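Take a look at the structure set out below.
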2 protein chains.
Amino acid sequence: MTPFDVSVRFFIQLAVVLAACRVVGRVARRLGQPQVVAEMLTGVLLGPSVLGLFEATRPFQHWLFPPESKVVFLSVSQVGLALYMFLVGVEFRSDLFLGRARATALVSGAGMVVPFLLGAGLAPLLIPLKGLFFAPSVQPWEAMLFLGASMCITAFPMLARIIVERGLTGTALGALALAAGALDDAAAWCILAVVLASFQDDPWIAIRAIGGGILYATTVLTLGRRLLRGLGSSAHPDGTLPSPVLAGVLMLVMLGSWFTDAIGIYAVFGAFILGCAIPRGRLAEALTRQVEPFVTVFLLPTFFTYSGLNTRLDLVNTPQLWLIALVVLLAACLGKLVACWAAARMNGEDNPTALAVGTLMNARGLMELIILNIGLDRRLITPQLFSIMVIMAVVTTLMATPLFEWVYRGKSRAAV
Amino acid sequence: MTPFDVSVRFFIQLAVVLAACRVVGRVARRLGQPQVVAEMLTGVLLGPSVLGLFEATRPFQHWLFPPESKVVFLSVSQVGLALYMFLVGVEFRSDLFLGRARATALVSGAGMVVPFLLGAGLAPLLIPLKGLFFAPSVQPWEAMLFLGASMCITAFPMLARIIVERGLTGTALGALALAAGALDDAAAWCILAVVLASFQDDPWIAIRAIGGGILYATTVLTLGRRLLRGLGSSAHPDGTLPSPVLAGVLMLVMLGSWFTDAIGIYAVFGAFILGCAIPRGRLAEALTRQVEPFVTVFLLPTFFTYSGLNTRLDLVNTPQLWLIALVVLLAACLGKLVACWAAARMNGEDNPTALAVGTLMNARGLMELIILNIGLDRRLITPQLFSIMVIMAVVTTLMATPLFEWVYRGKSRAAV
């Protein structure tokens with residue numbers, strides 16, 4: 001396929017993805033699942049697990065998603081996700097977060113330490129099954145770190161989207177969950193950097209990720225925030241932004257996303273942190289109004305669909321593997337859901353809020369898939385362990401919204 | 001480079017392109033050139049002709065635009081262009097066009113027939129220079145058709161953008177130029193399909209393009225328009241669109257773009273014609289408000305920059321080639337600018353309007369580059385002829401806006 005052929009196919013891919021996401025979204029809503037889960041399911045349906053599984057539909061699946069187009073779909077989905085996370089940052093209420101700094105620290109700490117210990121503790125049980133779950137060249141402590149890190153993951157983009165969809169961005173619950181989710185996720189990426197640094201015998205990988213991440217966050221939130229303040233009132237009276245301002249802000253989002261990607265801690269943080277540094281007021285409102293509808297409706301579904309497209313559920317195929325998958329799932333829920341709930345309760349949150357936070361933190365979504373794909377690409381883990389972890393990610397993601405709705409329904413929104 | 005590496009690089013490409021387009025845009029405005037020309041120049045500056053020319057900057061150029069990322073940049077630029085042409089269609093005033101159907105027919109007819117005859121007449125002079133301009137396997141009449149078609153080209157997207165930037169979409173001049181430009185461009189694509197059909201010995205290429213194009217346009221403008229009418233008032237009272245409506249419309253844009261691309265007459269027509277079928281009123285206003293800023297500022301520059309990135313001005317390097325380039329350029333201007341001006345005058349338009357239309361029709365922009373790239377890819381023409389035609393395209397594009405401003409300044413906007 002020539003580049004032009006790929007670009008033509010990309011149009012029909014977008015058309016099919018947009019249409020399928022809407023149809024699946026309607027069905028999902030009846031089952032109590034949000035649009036974001038519908039988009040992940042759409043990916044699974046359009047991917048090798050369903051559309052590519054049957055003799056009759058496989059040629060269409062291969063025609064629709066040829067391997068040459070993978071890079072286009074991935075790149076566009078990353079841009080869409082970065083822009084979305086930037087907008088989440090723009091709506092993030094840091095005042096609410098700062099008022100609950102202790103709760104955030106406790107919840108994110110618990111949601112980091114407990115699942116990490118459980119994951120790291122599971123690794124020694126899996127290592128003896130030589131080569132079945134980890135590559136033979138992997139050191140035991142590397143296996144422990146990787147499994148620990150992949151248990152720590154919180155689906156920060158998904159958590160953010162559920163909070164935005166429910167209109168909770170400006171509430172204390174929303175601020176607490178967003179901040180704790182961001183911290184946990186950033187921590188998991190730093191642990192991953194340590195694993196990769198050790199696995200590739202290059203300490204710079206870890207130094208760059210952790211040092212660069214801290215440098216980026218502090219620079220953007222202090223110096224960046226001050227420099228951006230001048231743009232705060234630059235919207236036209238009719239609420240639209242002058243083109244140079246819009247272009248400048250979007251340019252910064254791309255730059256921040258690139259930087260955090262390049263140092264190894266993923267574009268979503270660069271974009272989210274930049275969003276937090278945007279001055280509140282007319283600029284923030286205009287950005288949300290002019291960018292959010294298109295990004296959410298058009299670009300973002302490609303990201304959630306892409307992760308579903310890369311999921312292969314057919315690799316977990318023996319009772320032993322299913323048993324291990326169950327153990328991993330229980331450990332994952334114990335580590336995140338229960339630990340975050342307990343931490344929030346200890347800090348004096350009421351039971352529904354604590355449960356809601358725990359539920360949201362528990363969803364792994366596709367951040368898990370990204371970290372797992374890195375492990376698979378670098379040959380740290382085998383396709384079997386990959387698929388087990390994918391099942392854990394899918395189940396924790398699917399249970400998030402119904403559980404959230406259930407605990408949250410008892411609590412009126414005004415009371416949060 | 002892995003797909004993930006390409007996606008990371010894509011962020012920095014977008015950041016550099018956005019920043020460079022703004023800086024070049026400021027300079028260009030002082031020279032009387034519009035933003036769209038600035039974006040094409042940005043591509044030339046960031047491409048092999050400038051940034052890639054010097055020893056010192058070449059490694060950076062190669063790092064910034066690795067060959068693997070070409071397909072991503074192209075695909076995104078096509079989507080951006082299709083969305084933009086859709087929005088141009090949404091703002092197109094078909095009532096103004098219908099009131100001037102005779103003028104449109106005359107201008108587009110003259111702008112089609114005269115340059116085609118001049119181009120076709122030039123071909124026999126170039127064919128004897130065996131292998132220098134046309135591949136030896138090319139039949140004389142194929143060479144004539146191809147050169148005729150590539151003279152016929154009007155930069156429909158660029159013409160549209162100048163008209164939108166000047167706020168002329170809703171004027172008689174705007175409607176006349178848009179309609180005539182669209183017709184000429186569509187005709188050029190149909191001629192190209194005939195050339196390719198003959199060159200590849202497959203009449204279906206031509207039948208599919210011409211028949212499919214007529215079928216698409218009539219279906220969308222009759223049945224499609226009727227079906228879309230129901231959505232006309234589906235905007236919320238605050239002027240925003242419900243997500244399903246926005247998703248549905250964008251899905252249709254992708255579908256129409258894919259269809260017209262797949263049959264061989266380029267996505268811009270599918271998107272533009274669909275835009276014309278969108279009912280005027282709240283839906284159209286909401287679409288413009290919610291989609292246009294992001295598409296124009298973020299996605300569209302990738303398209304104009306991409307075409308500049310692919311321009312190589314260093315291939316025209318002998319006096320003979322420069323002489324031929326000059327002859328081609330004169331023929332091109334005579335065929336488009338003079339012929340369209342004459343046709344408009346004959347139809348009773350005043351001199352400034354006739355000249356303005358002729359000037360806009362004369363710009364070849366990157367539609368020319370697309371058709372030339374196809375000729376080069378399929379080995380119809382040589383890199384020498386390719387570069388000569390590129391020079392013609394660049395010069396006719398650069399002269400469009402200053403000339404337009406000059407003839408147009410004499411005429412107050414209200415009077416058009």
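Convention: chains lettered A, B, ... in structure tokens order; per-chain residue numbering from 1; ligands numbered from 1 as shown.
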Which residues of chain B come within 6 Å of chain A, and what is each one's closest atom pair and distance in Å (one decimal), counting only C-alpha atoms, sorted by chain and residue number, as a Markdown table?
```
| residue | atom | partner | partner_atom | distance |
| --- | --- | --- | --- | --- |
| B:Pro3 | CA | A:Val71 | CA | 4.8 |
| B:Ser7 | CA | A:Ser75 | CA | 4.2 |
| B:Val8 | CA | A:Trp258 | CA | 5.9 |
| B:Phe11 | CA | A:Met254 | CA | 5.1 |
| B:Ile12 | CA | A:Trp258 | CA | 5.7 |
| B:Ala15 | CA | A:Met251 | CA | 4.7 |
| B:Leu18 | CA | A:Met251 | CA | 5.9 |
| B:Val71 | CA | A:Pro3 | CA | 4.8 |
| B:Val72 | CA | A:Val72 | CA | 4.8 |
| B:Ser75 | CA | A:Ser7 | CA | 4.2 |
| B:Ala247 | CA | A:Val297 | CA | 5.8 |
| B:Met251 | CA | A:Ala15 | CA | 4.7 |
| B:Met254 | CA | A:Phe11 | CA | 5.1 |
| B:Leu255 | CA | A:Ala15 | CA | 5.6 |
| B:Trp258 | CA | A:Phe11 | CA | 5.2 |
| B:Gln290 | CA | A:Gln290 | CA | 5.7 |
| B:Val297 | CA | A:Ala247 | CA | 5.8 |
```
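Using only C-alpha atoms, the protein and nucleic acid residues lying no more than 12 Å from Thr219 of chain B, apart from those fewer than 5 places from it along its own chain, are Gly212, Gly213, Ile214, Gly224, Arg225, Arg226, Leu227, Gly256, Gly270, Ile273, Leu274 and Ala277 of chain B.
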May I have the selected residues written with N, CA and C atoms, as an mmCIF file, in the first residue's frame?
```cif
data_model
loop_
_atom_site.group_PDB
_atom_site.id
_atom_site.type_symbol
_atom_site.label_atom_id
_atom_site.label_comp_id
_atom_site.auth_asym_id
_atom_site.auth_seq_id
_atom_site.Cartn_x
_atom_site.Cartn_y
_atom_site.Cartn_z
ATOM 1 N N GLY B 212 -19.198 7.365 -11.032
ATOM 2 C CA GLY B 212 -19.335 7.387 -9.576
ATOM 3 C C GLY B 212 -19.458 8.807 -9.054
ATOM 4 N N GLY B 213 -18.692 9.723 -9.640
ATOM 5 C CA GLY B 213 -18.746 11.107 -9.203
ATOM 6 C C GLY B 213 -20.112 11.723 -9.442
ATOM 7 N N ILE B 214 -20.670 11.478 -10.638
ATOM 8 C CA ILE B 214 -22.000 12.032 -10.946
ATOM 9 C C ILE B 214 -23.045 11.407 -10.018
ATOM 10 N N GLY B 224 -29.751 12.778 -0.150
ATOM 11 C CA GLY B 224 -28.990 13.118 1.050
ATOM 12 C C GLY B 224 -29.494 14.405 1.689
ATOM 13 N N ARG B 225 -29.709 15.422 0.861
ATOM 14 C CA ARG B 225 -30.186 16.694 1.377
ATOM 15 C C ARG B 225 -31.530 16.532 2.077
ATOM 16 N N ARG B 226 -32.408 15.703 1.456
ATOM 17 C CA ARG B 226 -33.720 15.504 2.058
ATOM 18 C C ARG B 226 -33.592 14.795 3.410
ATOM 19 N N LEU B 227 -32.740 13.757 3.468
ATOM 20 C CA LEU B 227 -32.586 13.006 4.717
ATOM 21 C C LEU B 227 -31.950 13.864 5.813
ATOM 22 N N GLY B 256 -18.116 10.059 2.884
ATOM 23 C CA GLY B 256 -18.137 10.707 1.571
ATOM 24 C C GLY B 256 -16.722 10.928 1.033
ATOM 25 N N GLY B 270 -16.008 14.936 -2.258
ATOM 26 C CA GLY B 270 -16.986 14.242 -1.429
ATOM 27 C C GLY B 270 -17.359 15.083 -0.227
ATOM 28 N N ILE B 273 -19.245 18.502 -1.332
ATOM 29 C CA ILE B 273 -20.632 18.281 -1.774
ATOM 30 C C ILE B 273 -21.518 17.917 -0.581
ATOM 31 N N LEU B 274 -20.973 17.121 0.342
ATOM 32 C CA LEU B 274 -21.748 16.811 1.542
ATOM 33 C C LEU B 274 -22.043 18.081 2.328
ATOM 34 N N ALA B 277 -24.939 19.865 1.129
ATOM 35 C CA ALA B 277 -26.226 19.224 1.396
ATOM 36 C C ALA B 277 -26.708 19.425 2.828
#
```
As a PDB file with C-alpha atoms, in the first residue's frame, please: every residue in segment 105-286 of chain A that DSSP puts in helix (DSSP H, G or I).
```pdb
ATOM      1  CA  ALA A 105      -1.650  11.636  49.531  1.00  0.00           C
ATOM      2  CA  LEU A 106      -3.217   8.858  51.578  1.00  0.00           C
ATOM      3  CA  VAL A 107      -5.385   7.471  48.784  1.00  0.00           C
ATOM      4  CA  SER A 108      -2.711   7.633  46.107  1.00  0.00           C
ATOM      5  CA  GLY A 109      -0.138   6.247  48.529  1.00  0.00           C
ATOM      6  CA  ALA A 110      -2.332   3.299  49.445  1.00  0.00           C
ATOM      7  CA  GLY A 111      -3.277   2.774  45.802  1.00  0.00           C
ATOM      8  CA  MET A 112       0.398   2.648  44.940  1.00  0.00           C
ATOM      9  CA  VAL A 113       2.019   0.707  47.762  1.00  0.00           C
ATOM     10  CA  VAL A 114      -0.533  -2.049  48.358  1.00  0.00           C
ATOM     11  CA  PRO A 115      -1.024  -3.175  44.724  1.00  0.00           C
ATOM     12  CA  PHE A 116       2.692  -2.882  44.136  1.00  0.00           C
ATOM     13  CA  LEU A 117       3.460  -5.186  47.067  1.00  0.00           C
ATOM     14  CA  LEU A 118       0.768  -7.647  46.002  1.00  0.00           C
ATOM     15  CA  GLY A 119       2.042  -7.653  42.408  1.00  0.00           C
ATOM     16  CA  ALA A 120       5.645  -7.977  43.475  1.00  0.00           C
ATOM     17  CA  GLY A 121       4.607 -10.757  45.845  1.00  0.00           C
ATOM     18  CA  LEU A 122       2.856 -12.650  43.058  1.00  0.00           C
ATOM     19  CA  ALA A 123       5.895 -12.597  40.778  1.00  0.00           C
ATOM     20  CA  PRO A 124       7.960 -15.211  42.724  1.00  0.00           C
ATOM     21  CA  LEU A 125       5.030 -17.633  42.364  1.00  0.00           C
ATOM     22  CA  LEU A 126       5.038 -17.189  38.568  1.00  0.00           C
ATOM     23  CA  PRO A 140      13.514 -12.124  39.607  1.00  0.00           C
ATOM     24  CA  TRP A 141      13.553  -8.577  40.972  1.00  0.00           C
ATOM     25  CA  GLU A 142      12.837  -7.189  37.512  1.00  0.00           C
ATOM     26  CA  ALA A 143       9.846  -9.507  37.255  1.00  0.00           C
ATOM     27  CA  MET A 144       8.698  -8.321  40.690  1.00  0.00           C
ATOM     28  CA  LEU A 145       9.072  -4.657  39.749  1.00  0.00           C
ATOM     29  CA  PHE A 146       7.249  -5.102  36.440  1.00  0.00           C
ATOM     30  CA  LEU A 147       4.320  -7.015  37.921  1.00  0.00           C
ATOM     31  CA  GLY A 148       4.208  -4.540  40.788  1.00  0.00           C
ATOM     32  CA  ALA A 149       4.147  -1.586  38.407  1.00  0.00           C
ATOM     33  CA  SER A 150       1.483  -3.123  36.219  1.00  0.00           C
ATOM     34  CA  MET A 151      -0.732  -3.708  39.279  1.00  0.00           C
ATOM     35  CA  CYS A 152      -0.277  -0.048  40.301  1.00  0.00           C
ATOM     36  CA  PHE A 156      -6.132   7.886  34.396  1.00  0.00           C
ATOM     37  CA  PRO A 157      -7.678   8.843  31.015  1.00  0.00           C
ATOM     38  CA  MET A 158     -10.694   6.615  31.671  1.00  0.00           C
ATOM     39  CA  LEU A 159     -11.138   7.832  35.228  1.00  0.00           C
ATOM     40  CA  ALA A 160     -10.920  11.372  33.888  1.00  0.00           C
ATOM     41  CA  ARG A 161     -13.508  10.680  31.234  1.00  0.00           C
ATOM     42  CA  ILE A 162     -15.996   9.125  33.662  1.00  0.00           C
ATOM     43  CA  ILE A 163     -15.574  12.118  35.954  1.00  0.00           C
ATOM     44  CA  VAL A 164     -16.055  14.556  33.064  1.00  0.00           C
ATOM     45  CA  GLU A 165     -19.065  12.643  31.701  1.00  0.00           C
ATOM     46  CA  ALA A 172     -14.196  17.362  45.745  1.00  0.00           C
ATOM     47  CA  LEU A 173     -14.663  13.725  44.750  1.00  0.00           C
ATOM     48  CA  GLY A 174     -13.572  14.541  41.194  1.00  0.00           C
ATOM     49  CA  ALA A 175     -10.509  16.479  42.308  1.00  0.00           C
ATOM     50  CA  LEU A 176      -9.498  13.757  44.773  1.00  0.00           C
ATOM     51  CA  ALA A 177      -9.857  10.947  42.229  1.00  0.00           C
ATOM     52  CA  LEU A 178      -8.122  12.884  39.436  1.00  0.00           C
ATOM     53  CA  ALA A 179      -5.168  13.892  41.580  1.00  0.00           C
ATOM     54  CA  ALA A 180      -4.741  10.452  43.147  1.00  0.00           C
ATOM     55  CA  GLY A 181      -5.141   8.777  39.756  1.00  0.00           C
ATOM     56  CA  ALA A 182      -2.574  11.053  38.126  1.00  0.00           C
ATOM     57  CA  LEU A 183      -0.054  10.505  40.920  1.00  0.00           C
ATOM     58  CA  ASP A 184      -0.468   6.745  40.869  1.00  0.00           C
ATOM     59  CA  ASP A 185      -0.177   6.574  37.158  1.00  0.00           C
ATOM     60  CA  ALA A 186       2.894   8.775  37.043  1.00  0.00           C
ATOM     61  CA  ALA A 187       4.461   6.602  39.751  1.00  0.00           C
ATOM     62  CA  ALA A 188       3.747   3.438  37.787  1.00  0.00           C
ATOM     63  CA  TRP A 189       5.489   4.930  34.754  1.00  0.00           C
ATOM     64  CA  CYS A 190       8.497   5.798  36.865  1.00  0.00           C
ATOM     65  CA  ILE A 191       8.668   2.230  38.172  1.00  0.00           C
ATOM     66  CA  LEU A 192       8.413   0.986  34.602  1.00  0.00           C
ATOM     67  CA  ALA A 193      11.311   3.255  33.685  1.00  0.00           C
ATOM     68  CA  VAL A 194      13.349   1.672  36.472  1.00  0.00           C
ATOM     69  CA  VAL A 195      12.493  -1.810  35.168  1.00  0.00           C
ATOM     70  CA  LEU A 196      13.444  -0.878  31.623  1.00  0.00           C
ATOM     71  CA  ALA A 197      16.614   0.851  32.825  1.00  0.00           C
ATOM     72  CA  SER A 198      17.693  -2.287  34.626  1.00  0.00           C
ATOM     73  CA  PHE A 199      16.602  -4.604  31.830  1.00  0.00           C
ATOM     74  CA  PRO A 203      20.383   3.908  34.311  1.00  0.00           C
ATOM     75  CA  TRP A 204      19.729   6.997  32.171  1.00  0.00           C
ATOM     76  CA  ILE A 205      16.294   5.630  31.251  1.00  0.00           C
ATOM     77  CA  ALA A 206      15.224   5.894  34.889  1.00  0.00           C
ATOM     78  CA  ILE A 207      17.009   9.169  35.624  1.00  0.00           C
ATOM     79  CA  ARG A 208      15.581  10.819  32.529  1.00  0.00           C
ATOM     80  CA  ALA A 209      12.028   9.686  33.257  1.00  0.00           C
ATOM     81  CA  ILE A 210      11.933  10.537  36.954  1.00  0.00           C
ATOM     82  CA  GLY A 211      14.149  13.624  36.876  1.00  0.00           C
ATOM     83  CA  GLY A 212      12.677  14.924  33.631  1.00  0.00           C
ATOM     84  CA  GLY A 213       9.148  14.364  34.873  1.00  0.00           C
ATOM     85  CA  ILE A 214       9.739  16.291  38.093  1.00  0.00           C
ATOM     86  CA  LEU A 215      11.508  19.063  36.175  1.00  0.00           C
ATOM     87  CA  TYR A 216       8.678  19.297  33.651  1.00  0.00           C
ATOM     88  CA  ALA A 217       5.931  19.394  36.276  1.00  0.00           C
ATOM     89  CA  THR A 218       7.619  22.023  38.442  1.00  0.00           C
ATOM     90  CA  THR A 219       8.637  24.227  35.490  1.00  0.00           C
ATOM     91  CA  VAL A 220       5.212  24.167  33.877  1.00  0.00           C
ATOM     92  CA  LEU A 221       3.308  24.692  37.134  1.00  0.00           C
ATOM     93  CA  THR A 222       5.461  27.613  38.270  1.00  0.00           C
ATOM     94  CA  LEU A 223       7.206  29.439  35.414  1.00  0.00           C
ATOM     95  CA  GLY A 224       4.779  28.161  32.764  1.00  0.00           C
ATOM     96  CA  ARG A 225       1.748  29.179  34.786  1.00  0.00           C
ATOM     97  CA  ARG A 226       3.144  32.655  35.288  1.00  0.00           C
ATOM     98  CA  LEU A 227       3.932  33.106  31.582  1.00  0.00           C
ATOM     99  CA  LEU A 228       0.518  31.808  30.548  1.00  0.00           C
ATOM    100  CA  ARG A 229      -1.264  34.199  32.890  1.00  0.00           C
ATOM    101  CA  GLY A 230      -0.964  36.946  30.278  1.00  0.00           C
ATOM    102  CA  LEU A 231      -3.169  34.940  27.917  1.00  0.00           C
ATOM    103  CA  SER A 243      -6.241  32.012  15.838  1.00  0.00           C
ATOM    104  CA  PRO A 244      -2.686  32.793  17.010  1.00  0.00           C
ATOM    105  CA  VAL A 245      -3.648  32.161  20.646  1.00  0.00           C
ATOM    106  CA  LEU A 246      -5.401  28.882  19.820  1.00  0.00           C
ATOM    107  CA  ALA A 247      -2.470  27.810  17.645  1.00  0.00           C
ATOM    108  CA  GLY A 248       0.020  28.775  20.348  1.00  0.00           C
ATOM    109  CA  VAL A 249      -1.766  26.824  23.065  1.00  0.00           C
ATOM    110  CA  LEU A 250      -2.175  23.742  20.860  1.00  0.00           C
ATOM    111  CA  MET A 251       1.483  24.012  19.923  1.00  0.00           C
ATOM    112  CA  LEU A 252       2.411  23.948  23.622  1.00  0.00           C
ATOM    113  CA  VAL A 253       0.205  20.885  24.164  1.00  0.00           C
ATOM    114  CA  MET A 254       2.044  19.062  21.391  1.00  0.00           C
ATOM    115  CA  LEU A 255       5.403  20.175  22.759  1.00  0.00           C
ATOM    116  CA  GLY A 256       4.594  19.061  26.313  1.00  0.00           C
ATOM    117  CA  SER A 257       3.201  15.753  25.076  1.00  0.00           C
ATOM    118  CA  TRP A 258       6.289  15.134  23.015  1.00  0.00           C
ATOM    119  CA  PHE A 259       8.612  15.972  25.883  1.00  0.00           C
ATOM    120  CA  THR A 260       6.964  13.669  28.420  1.00  0.00           C
ATOM    121  CA  ASP A 261       6.719  10.925  25.800  1.00  0.00           C
ATOM    122  CA  ALA A 262      10.363  11.362  24.837  1.00  0.00           C
ATOM    123  CA  ILE A 263      11.630  11.097  28.421  1.00  0.00           C
ATOM    124  CA  ALA A 267       2.222  12.136  26.746  1.00  0.00           C
ATOM    125  CA  VAL A 268      -0.931  12.218  28.875  1.00  0.00           C
ATOM    126  CA  PHE A 269       0.966  13.727  31.814  1.00  0.00           C
ATOM    127  CA  GLY A 270       2.608  16.419  29.768  1.00  0.00           C
ATOM    128  CA  ALA A 271      -0.749  17.429  28.370  1.00  0.00           C
ATOM    129  CA  PHE A 272      -2.618  17.167  31.680  1.00  0.00           C
ATOM    130  CA  ILE A 273      -0.055  19.203  33.612  1.00  0.00           C
ATOM    131  CA  LEU A 274      -0.032  21.889  30.920  1.00  0.00           C
ATOM    132  CA  GLY A 275      -3.809  22.014  31.180  1.00  0.00           C
ATOM    133  CA  CYS A 276      -3.501  22.590  34.925  1.00  0.00           C
ATOM    134  CA  ALA A 277      -1.226  25.577  34.220  1.00  0.00           C
ATOM    135  CA  ARG A 282     -12.132  33.241  29.598  1.00  0.00           C
ATOM    136  CA  LEU A 283      -9.199  31.450  28.007  1.00  0.00           C
ATOM    137  CA  ALA A 284     -10.041  28.170  29.732  1.00  0.00           C
ATOM    138  CA  GLU A 285     -13.725  28.467  28.854  1.00  0.00           C
ATOM    139  CA  ALA A 286     -12.999  29.293  25.214  1.00  0.00           C
TER     140      ALA A 286
END
```
Pick out the residues sitting within 7 Å of Thr305 of chain A, and hand them over as a PyMOL selection string; count only C-alpha atoms, and ignore anything fewer than 6 positions along from it in its own chain.
chain A and resi 39-40+42-43
Name all residues at most 7 Å from segment 395-410 of chain A (count only C-alpha atoms; drop same-chain ones fewer than 3 positions away) and give them as a PyMOL selection string.
chain A and resi 32-34+352+355-356+359-360+362-365+391-392
Can you spit out the residues from that selection as a PDB file, in the first residue's frame, using N, CA and C atoms?
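Saved result, again-v2.pdb, follows:
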```pdb
ATOM      1  N   GLY A  32     -25.631   0.059  31.586  1.00  0.00           N
ATOM      2  CA  GLY A  32     -25.001   0.841  32.653  1.00  0.00           C
ATOM      3  C   GLY A  32     -23.535   1.123  32.419  1.00  0.00           C
ATOM      4  N   GLN A  33     -23.055   0.974  31.181  1.00  0.00           N
ATOM      5  CA  GLN A  33     -21.646   1.256  30.897  1.00  0.00           C
ATOM      6  C   GLN A  33     -21.528   2.613  30.192  1.00  0.00           C
ATOM      7  N   PRO A  34     -20.460   3.335  30.455  1.00  0.00           N
ATOM      8  CA  PRO A  34     -20.314   4.663  29.835  1.00  0.00           C
ATOM      9  C   PRO A  34     -19.786   4.553  28.405  1.00  0.00           C
ATOM     10  N   PRO A 352     -19.759   6.113  50.856  1.00  0.00           N
ATOM     11  CA  PRO A 352     -19.958   6.157  49.394  1.00  0.00           C
ATOM     12  C   PRO A 352     -18.804   6.840  48.673  1.00  0.00           C
ATOM     13  N   LEU A 355     -15.829   4.499  48.606  1.00  0.00           N
ATOM     14  CA  LEU A 355     -16.042   3.394  47.671  1.00  0.00           C
ATOM     15  C   LEU A 355     -15.947   3.885  46.227  1.00  0.00           C
ATOM     16  N   ALA A 356     -16.514   5.067  45.972  1.00  0.00           N
ATOM     17  CA  ALA A 356     -16.486   5.610  44.611  1.00  0.00           C
ATOM     18  C   ALA A 356     -15.045   5.849  44.166  1.00  0.00           C
ATOM     19  N   THR A 359     -13.360   2.521  43.519  1.00  0.00           N
ATOM     20  CA  THR A 359     -13.833   1.910  42.285  1.00  0.00           C
ATOM     21  C   THR A 359     -13.161   2.538  41.069  1.00  0.00           C
ATOM     22  N   LEU A 360     -13.103   3.874  41.076  1.00  0.00           N
ATOM     23  CA  LEU A 360     -12.501   4.556  39.924  1.00  0.00           C
ATOM     24  C   LEU A 360     -11.009   4.247  39.826  1.00  0.00           C
ATOM     25  N   ASN A 362      -9.593   1.635  40.701  1.00  0.00           N
ATOM     26  CA  ASN A 362      -9.387   0.221  40.396  1.00  0.00           C
ATOM     27  C   ASN A 362      -9.361  -0.066  38.896  1.00  0.00           C
ATOM     28  N   ALA A 363     -10.045   0.774  38.104  1.00  0.00           N
ATOM     29  CA  ALA A 363     -10.106   0.516  36.662  1.00  0.00           C
ATOM     30  C   ALA A 363      -8.722   0.693  36.048  1.00  0.00           C
ATOM     31  N   ARG A 364      -8.279  -0.301  35.297  1.00  0.00           N
ATOM     32  CA  ARG A 364      -6.951  -0.222  34.673  1.00  0.00           C
ATOM     33  C   ARG A 364      -7.016   0.324  33.261  1.00  0.00           C
ATOM     34  N   GLY A 365      -8.138   0.059  32.598  1.00  0.00           N
ATOM     35  CA  GLY A 365      -8.306   0.581  31.249  1.00  0.00           C
ATOM     36  C   GLY A 365      -7.114   0.315  30.363  1.00  0.00           C
ATOM     37  N   ILE A 391      -7.007  -9.502  30.699  1.00  0.00           N
ATOM     38  CA  ILE A 391      -8.302  -9.881  31.281  1.00  0.00           C
ATOM     39  C   ILE A 391      -8.534  -9.102  32.579  1.00  0.00           C
ATOM     40  N   MET A 392      -7.485  -9.037  33.407  1.00  0.00           N
ATOM     41  CA  MET A 392      -7.605  -8.264  34.649  1.00  0.00           C
ATOM     42  C   MET A 392      -7.984  -6.817  34.335  1.00  0.00           C
TER      43      MET A 392
END
```
Exercise: Pro136 of chain A partners within 9 Å, only C-alpha atoms, chain neighbours under 3 positions left out, as a ChimeraX atom specification
/A:127,130-132,139,380
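Between atom CA of Leu326 of chain B and atom CA of Thr104 of chain B there is a distance of 29.5 Å.
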Nearby residues (only C-alpha atoms) at most 12 Å from Trp322 of chain A, same-chain spacing under 3 positions excluded, as an MDAnalysis selection string:
chainID A and resid 313:319 325:329 384:385 387:389 391:392
